[in-house]
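In what follows, a single structure is set out as structure tokens and then discussed.
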Amino acid sequence: MSSSVTGVIHDLERILLSPEEIHTRVQAMAARLNVELAGKVVTVVALMDGALFFVADLLRQLEIPVRMHTLSASSYQGGTATTGEVKVNWPAGVDLRGQDVLLLDDILDTGLTLSVISERILAQQPASLRTCVLLSKRRQRLRDVPLDDAGFEIDDEFVVGYGMDYMGRFRNLPCIGILNPNKPS
Ligand code: 5GP
Ligand code: MG
């Protein structure tokens with residue numbers, strides 16, 4: 001790892017998931033999708049920015065034809081706790097009617113984000129909807145979200161890295177970790 005990345009990792013209290021663990025798990029998630037979605041053309045709806053690295057790694061291992069839309073959704077507005085209100089930036093011209101949709105996000109936490117987005121997707125009458133997240137937090141959900149696959153179940157702690165931020169930072173960490181409460185500097 002380069003010294004600049006090592007420097008950022010010092011802002012972590014501990015590493016939760018190494019790049020190797022993430023890679024192996026994402027590979028297995030892609031392998032499962034390749035079997036379950038064989039013969040279909042998949043329309044991916046990817047939630048930015050947090051799921052950026054997950055989506056990039058997963059999609060490059062899919063062997064089925066894929067279309068992709070990105071949406072931005074935010075409920076944290078830069079902090080470490082949900083505001084309870086989900087803002088979705090839904091691009092014009094996204095028509096999911098009759099499509100086999102694969103909704104991808106970084107973390108399932110309260111369930112608010114994915115429930116708001118799934119409702120909007122289902123309102124467009126897709127042929128099918130499958131939802132996968134990289135991380136699922138062990139906590140009580142505010143909304144039920146039908147989940148088809150989760151990379152890892154984690155405790156209810158605030159994580160950064162591999163696309164996920166705190167105040168816009170730490171997305172570039174190759175691992176996923178817990179922020180040191182006395183940092184960042
Ligand atoms: P929910 O709506 O399920 O409460 O939250 C989902 C969204 O909140 C995720 O897509 C993610 O962007 C953000 N989020 C939830 N937990 C964390 C966390 O521990 N770290 C970061 N960086 N974002 C989180
Ligand atoms: Mg998100």
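Ordering of the structure tokens sets the chain letters (A, B, ...); residue numbers start at 1 within each chain; ligands are numbered from 1 in the order shown.
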Please identify the residues whose atoms come within 7 Å of ligand 2, using only C-alpha atoms and all ligand atoms, and report them as a PyMOL selection string. chain A and resi 47-51+73-74+105-107
Counting only C-alpha atoms and all ligand atoms, the residue of A:Val26, A:Val8, A:Cys132, A:Ala38 that sits nearest ligand 1: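 Looking only at the distances to ligand 1, the closest residue turns out to be A:Cys132.
Of the residues listed (A:Gln124, A:Ser72, A:Gln99, A:Thr131), A:Ser72 shows the shortest atom-to-atom separation from ligand 1; distances use only C-alpha atoms and all ligand atoms.
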Write out as a ChimeraX atom specification the residues lying within 12 Å of Asn34 in chain A, counting only C-alpha atoms and excluding same-chain residues fewer than 2 positions away. /A:27-32,36-42,58-66
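In terms of minimum interatomic distance to Glu85 in chain A, A:Thr113 ranks closest within A:Val101, A:Ile178, A:Arg143, A:Thr113, counting only C-alpha atoms.
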note - CA of Asn180 in chain A and CA of Asp11 in chain A are separated by 5.6 Å
Let me make sure I understand: among A:Trp90, A:Phe158, A:Phe170, A:Phe152, which one has the smallest atom-to-atom distance to ligand 1 if we use only C-alpha atoms and all ligand atoms?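 The shortest atom-to-atom distance to ligand 1 comes from A:Phe158.
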Pick from A:Gly84, A:Pro174, A:Gly151, A:Pro146: nearest to ligand 1, with only C-alpha atoms and all ligand atoms counted? A:Gly84
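Residues in contact with Arg130 in chain A at up to 8 Å, not including ones fewer than 2 positions away on its chain and judged by only C-alpha atoms, are Asp100, Val101, Leu102, Leu103, Ser128, Cys132, Leu147 and Asp148 of chain A.
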Write to file, as a CSV table (one decimal), in the first residue's frame, the residues of the selection just made, with all heavy atoms.
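Wrote again15.csv, looks like this:
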chain,number,residue,atom,x,y,z
A,100,ASP,N,-35.5,-6.2,-15.9
A,100,ASP,CA,-35.0,-7.0,-14.7
A,100,ASP,C,-34.0,-6.1,-14.0
A,100,ASP,O,-32.9,-5.9,-14.5
A,100,ASP,CB,-34.4,-8.3,-15.2
A,100,ASP,CG,-35.4,-9.3,-15.7
A,100,ASP,OD1,-36.3,-9.7,-14.9
A,100,ASP,OD2,-35.4,-9.6,-16.9
A,101,VAL,N,-34.5,-5.6,-12.9
A,101,VAL,CA,-33.7,-4.5,-12.2
A,101,VAL,C,-32.9,-5.1,-11.1
A,101,VAL,O,-33.4,-5.9,-10.3
A,101,VAL,CB,-34.6,-3.4,-11.7
A,101,VAL,CG1,-33.9,-2.3,-10.9
A,101,VAL,CG2,-35.4,-2.8,-12.8
A,102,LEU,N,-31.6,-4.7,-11.0
A,102,LEU,CA,-30.8,-5.0,-9.9
A,102,LEU,C,-30.4,-3.7,-9.1
A,102,LEU,O,-29.7,-2.9,-9.7
A,102,LEU,CB,-29.5,-5.7,-10.4
A,102,LEU,CG,-28.4,-6.0,-9.4
A,102,LEU,CD1,-28.9,-7.0,-8.3
A,102,LEU,CD2,-27.2,-6.7,-10.1
A,103,LEU,N,-30.9,-3.6,-7.9
A,103,LEU,CA,-30.7,-2.4,-7.1
A,103,LEU,C,-29.5,-2.6,-6.2
A,103,LEU,O,-29.5,-3.6,-5.5
A,103,LEU,CB,-31.9,-2.0,-6.3
A,103,LEU,CG,-31.9,-0.9,-5.3
A,103,LEU,CD1,-31.5,0.4,-5.9
A,103,LEU,CD2,-33.3,-0.8,-4.6
A,128,SER,N,-38.8,-7.6,-12.8
A,128,SER,CA,-38.3,-8.2,-11.5
A,128,SER,C,-37.5,-7.2,-10.8
A,128,SER,O,-36.9,-6.3,-11.5
A,128,SER,CB,-37.6,-9.5,-11.7
A,128,SER,OG,-36.4,-9.2,-12.4
A,132,CYS,N,-29.3,-5.9,-3.7
A,132,CYS,CA,-28.1,-6.4,-3.1
A,132,CYS,C,-27.3,-5.2,-2.5
A,132,CYS,O,-27.2,-4.2,-3.1
A,132,CYS,CB,-27.1,-7.1,-4.1
A,132,CYS,SG,-27.8,-8.5,-4.9
A,147,LEU,N,-34.3,-8.1,0.9
A,147,LEU,CA,-32.9,-8.1,0.4
A,147,LEU,C,-32.6,-9.5,-0.2
A,147,LEU,O,-32.9,-10.5,0.4
A,147,LEU,CB,-32.0,-7.9,1.7
A,147,LEU,CG,-30.6,-7.4,1.5
A,147,LEU,CD1,-30.7,-6.0,0.8
A,147,LEU,CD2,-29.9,-7.2,2.9
A,148,ASP,N,-31.9,-9.5,-1.3
A,148,ASP,CA,-31.6,-10.8,-2.0
A,148,ASP,C,-30.2,-11.2,-1.6
A,148,ASP,O,-29.9,-12.4,-1.6
A,148,ASP,CB,-31.7,-10.6,-3.5
A,148,ASP,CG,-33.2,-10.3,-3.9
A,148,ASP,OD1,-33.9,-11.3,-3.9
A,148,ASP,OD2,-33.6,-9.2,-4.1
Quick one: of A:Leu112, A:Cys175, A:Val35, A:Leu142, who's nearest to ligand 1, counting only C-alpha atoms and all ligand atoms? A:Leu112
I'd like to know which residues of range 12-92 of chain A are strand (DSSP E) (by DSSP, run on the backbone); could you write them as a compact mmCIF listing (two decimals) with all heavy atoms, in the first residue's frame?
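Final file, result_2.txt:
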# COMPACT_ATOMS: atom_id res chain seq x y z
N LEU A 12 -8.13 5.53 11.10
CA LEU A 12 -9.08 4.48 11.50
C LEU A 12 -8.76 3.95 12.89
O LEU A 12 -7.59 3.79 13.25
CB LEU A 12 -9.02 3.30 10.51
CG LEU A 12 -9.44 3.58 9.07
CD1 LEU A 12 -9.36 2.29 8.26
CD2 LEU A 12 -10.84 4.16 9.01
N GLU A 13 -9.83 3.65 13.64
CA GLU A 13 -9.64 2.98 14.93
C GLU A 13 -9.27 1.52 14.68
O GLU A 13 -8.40 0.96 15.32
CB GLU A 13 -10.95 3.07 15.71
CG GLU A 13 -10.88 2.50 17.10
CD GLU A 13 -12.24 2.63 17.77
OE1 GLU A 13 -12.51 3.71 18.33
OE2 GLU A 13 -13.02 1.67 17.68
N ARG A 14 -9.96 0.92 13.73
CA ARG A 14 -9.59 -0.44 13.32
C ARG A 14 -10.13 -0.75 11.93
O ARG A 14 -11.08 -0.12 11.46
CB ARG A 14 -10.09 -1.48 14.32
CG ARG A 14 -11.57 -1.61 14.40
CD ARG A 14 -11.96 -2.67 15.44
NE ARG A 14 -13.33 -3.08 15.25
CZ ARG A 14 -14.38 -2.38 15.66
NH1 ARG A 14 -14.21 -1.24 16.30
NH2 ARG A 14 -15.59 -2.81 15.43
N ILE A 15 -9.48 -1.72 11.31
CA ILE A 15 -9.94 -2.19 9.99
C ILE A 15 -10.95 -3.31 10.21
O ILE A 15 -10.68 -4.25 10.97
CB ILE A 15 -8.74 -2.67 9.14
CG1 ILE A 15 -7.84 -1.47 8.81
CG2 ILE A 15 -9.22 -3.37 7.87
CD1 ILE A 15 -6.58 -1.82 8.05
N LEU A 16 -12.09 -3.17 9.57
CA LEU A 16 -13.16 -4.16 9.72
C LEU A 16 -13.05 -5.22 8.63
O LEU A 16 -13.17 -6.42 8.90
CB LEU A 16 -14.50 -3.43 9.59
CG LEU A 16 -15.75 -4.02 10.17
CD1 LEU A 16 -15.59 -4.20 11.68
CD2 LEU A 16 -16.92 -3.09 9.88
N LEU A 17 -12.81 -4.77 7.40
CA LEU A 17 -12.74 -5.68 6.26
C LEU A 17 -11.56 -5.28 5.38
O LEU A 17 -11.46 -4.12 4.96
CB LEU A 17 -14.03 -5.60 5.44
CG LEU A 17 -15.31 -6.07 6.16
CD1 LEU A 17 -16.56 -5.60 5.43
CD2 LEU A 17 -15.31 -7.59 6.31
N VAL A 42 -29.75 -7.27 -17.59
CA VAL A 42 -30.00 -6.69 -16.28
C VAL A 42 -29.86 -5.17 -16.32
O VAL A 42 -28.91 -4.65 -16.91
CB VAL A 42 -29.00 -7.27 -15.25
CG1 VAL A 42 -29.22 -6.65 -13.89
CG2 VAL A 42 -29.17 -8.76 -15.18
N THR A 43 -30.82 -4.50 -15.70
CA THR A 43 -30.72 -3.04 -15.57
C THR A 43 -30.33 -2.74 -14.13
O THR A 43 -31.11 -2.92 -13.20
CB THR A 43 -32.05 -2.36 -15.92
OG1 THR A 43 -32.41 -2.73 -17.25
CG2 THR A 43 -31.92 -0.84 -15.84
N VAL A 44 -29.10 -2.30 -13.98
CA VAL A 44 -28.59 -1.99 -12.64
C VAL A 44 -28.99 -0.57 -12.27
O VAL A 44 -28.87 0.35 -13.09
CB VAL A 44 -27.05 -2.13 -12.62
CG1 VAL A 44 -26.45 -1.57 -11.34
CG2 VAL A 44 -26.64 -3.58 -12.82
N VAL A 45 -29.49 -0.41 -11.05
CA VAL A 45 -29.71 0.92 -10.49
C VAL A 45 -28.76 1.02 -9.31
O VAL A 45 -28.88 0.29 -8.33
CB VAL A 45 -31.18 1.12 -10.04
CG1 VAL A 45 -31.34 2.45 -9.32
CG2 VAL A 45 -32.11 1.05 -11.24
N ALA A 46 -27.76 1.88 -9.46
CA ALA A 46 -26.68 1.95 -8.47
C ALA A 46 -26.77 3.26 -7.70
O ALA A 46 -26.90 4.33 -8.30
CB ALA A 46 -25.34 1.88 -9.19
N LEU A 47 -26.72 3.16 -6.39
CA LEU A 47 -26.83 4.37 -5.56
C LEU A 47 -25.46 4.97 -5.30
O LEU A 47 -24.59 4.34 -4.73
CB LEU A 47 -27.52 4.04 -4.23
CG LEU A 47 -28.93 3.49 -4.33
CD1 LEU A 47 -29.65 3.60 -3.01
CD2 LEU A 47 -29.72 4.24 -5.38
N MET A 48 -25.32 6.19 -5.73
CA MET A 48 -24.05 6.90 -5.57
C MET A 48 -24.11 7.79 -4.36
O MET A 48 -25.19 8.18 -3.95
CB MET A 48 -23.79 7.75 -6.82
CG MET A 48 -23.58 6.91 -8.07
SD MET A 48 -22.06 5.98 -8.03
CE MET A 48 -22.65 4.30 -8.05
N VAL A 66 -25.55 -5.97 -19.25
CA VAL A 66 -25.93 -5.04 -18.18
C VAL A 66 -26.14 -3.64 -18.75
O VAL A 66 -25.37 -3.18 -19.58
CB VAL A 66 -24.79 -5.00 -17.12
CG1 VAL A 66 -24.94 -3.82 -16.20
CG2 VAL A 66 -24.76 -6.29 -16.31
N ARG A 67 -27.22 -3.00 -18.29
CA ARG A 67 -27.37 -1.55 -18.47
C ARG A 67 -27.21 -0.95 -17.08
O ARG A 67 -27.50 -1.63 -16.10
CB ARG A 67 -28.77 -1.17 -18.94
CG ARG A 67 -29.12 -1.61 -20.31
CD ARG A 67 -30.44 -0.94 -20.72
NE ARG A 67 -30.89 -1.51 -21.95
CZ ARG A 67 -31.74 -2.54 -22.05
NH1 ARG A 67 -32.26 -3.08 -20.96
NH2 ARG A 67 -32.07 -3.03 -23.22
N MET A 68 -26.86 0.32 -17.01
CA MET A 68 -26.69 0.89 -15.67
C MET A 68 -27.21 2.31 -15.58
O MET A 68 -26.97 3.13 -16.45
CB MET A 68 -25.21 0.88 -15.28
CG MET A 68 -25.02 1.29 -13.84
SD MET A 68 -23.31 1.31 -13.32
CE MET A 68 -22.77 2.84 -14.01
N HIS A 69 -27.94 2.58 -14.49
CA HIS A 69 -28.33 3.94 -14.14
C HIS A 69 -27.73 4.23 -12.77
O HIS A 69 -27.71 3.35 -11.92
CB HIS A 69 -29.85 4.09 -14.03
CG HIS A 69 -30.57 3.77 -15.30
ND1 HIS A 69 -30.48 4.56 -16.42
CD2 HIS A 69 -31.39 2.75 -15.62
CE1 HIS A 69 -31.24 4.04 -17.38
NE2 HIS A 69 -31.79 2.94 -16.92
N THR A 70 -27.30 5.46 -12.57
CA THR A 70 -26.86 5.83 -11.22
C THR A 70 -27.83 6.86 -10.65
O THR A 70 -28.32 7.74 -11.36
CB THR A 70 -25.44 6.44 -11.24
OG1 THR A 70 -25.43 7.56 -12.11
CG2 THR A 70 -24.41 5.43 -11.69
N LEU A 71 -28.11 6.69 -9.38
CA LEU A 71 -28.96 7.65 -8.66
C LEU A 71 -28.17 8.17 -7.49
O LEU A 71 -27.36 7.44 -6.93
CB LEU A 71 -30.18 6.95 -8.04
CG LEU A 71 -31.19 6.21 -8.87
CD1 LEU A 71 -32.32 5.75 -7.96
CD2 LEU A 71 -31.75 7.11 -9.94
N SER A 72 -28.42 9.41 -7.09
CA SER A 72 -27.83 9.83 -5.82
C SER A 72 -28.94 9.92 -4.80
O SER A 72 -30.01 10.45 -5.09
CB SER A 72 -27.16 11.19 -5.87
OG SER A 72 -26.86 11.55 -7.14
N ALA A 73 -28.64 9.36 -3.64
CA ALA A 73 -29.59 9.43 -2.53
C ALA A 73 -28.79 9.83 -1.32
O ALA A 73 -27.68 9.35 -1.12
CB ALA A 73 -30.24 8.08 -2.31
N SER A 74 -29.34 10.71 -0.51
CA SER A 74 -28.61 11.02 0.72
C SER A 74 -29.57 11.19 1.87
O SER A 74 -30.65 11.77 1.72
CB SER A 74 -27.76 12.28 0.55
OG SER A 74 -28.59 13.36 0.27
N LYS A 87 -33.25 12.10 0.36
CA LYS A 87 -33.32 12.93 -0.85
C LYS A 87 -32.82 12.09 -2.01
O LYS A 87 -31.70 11.57 -1.96
CB LYS A 87 -32.41 14.15 -0.70
CG LYS A 87 -32.94 15.12 0.32
CD LYS A 87 -32.23 16.45 0.23
CE LYS A 87 -32.86 17.39 1.25
NZ LYS A 87 -32.01 18.54 1.54
N VAL A 88 -33.64 11.96 -3.05
CA VAL A 88 -33.25 11.14 -4.20
C VAL A 88 -33.19 12.02 -5.44
O VAL A 88 -34.11 12.79 -5.71
CB VAL A 88 -34.26 10.01 -4.47
CG1 VAL A 88 -33.76 9.11 -5.60
CG2 VAL A 88 -34.53 9.20 -3.22
N ASN A 89 -32.09 11.89 -6.15
CA ASN A 89 -31.93 12.62 -7.40
C ASN A 89 -32.20 11.62 -8.53
O ASN A 89 -31.32 10.87 -8.92
CB ASN A 89 -30.50 13.16 -7.43
CG ASN A 89 -30.18 13.85 -8.72
OD1 ASN A 89 -31.07 14.06 -9.54
ND2 ASN A 89 -28.92 14.17 -8.91
Show me, as a PDB file with C-alpha atoms, in the first residue's frame, the residues that have an atom within 7 Å of Gly98 in chain A when counting only C-alpha atoms, minus same-chain residues fewer than 4 positions from it.
ATOM      1  CA  GLN A 125     -43.585  -2.020 -13.040  1.00  0.00           C
ATOM      2  CA  PRO A 126     -40.276  -3.748 -13.719  1.00  0.00           C
ATOM      3  CA  ALA A 127     -40.336  -7.450 -14.678  1.00  0.00           C
TER       4      ALA A 127
END
Could you pull out all residues of range 81-145 of chain A with a DSSP call of alpha helix (DSSP H) and give them as a PyMOL selection string? chain A and resi 112-123
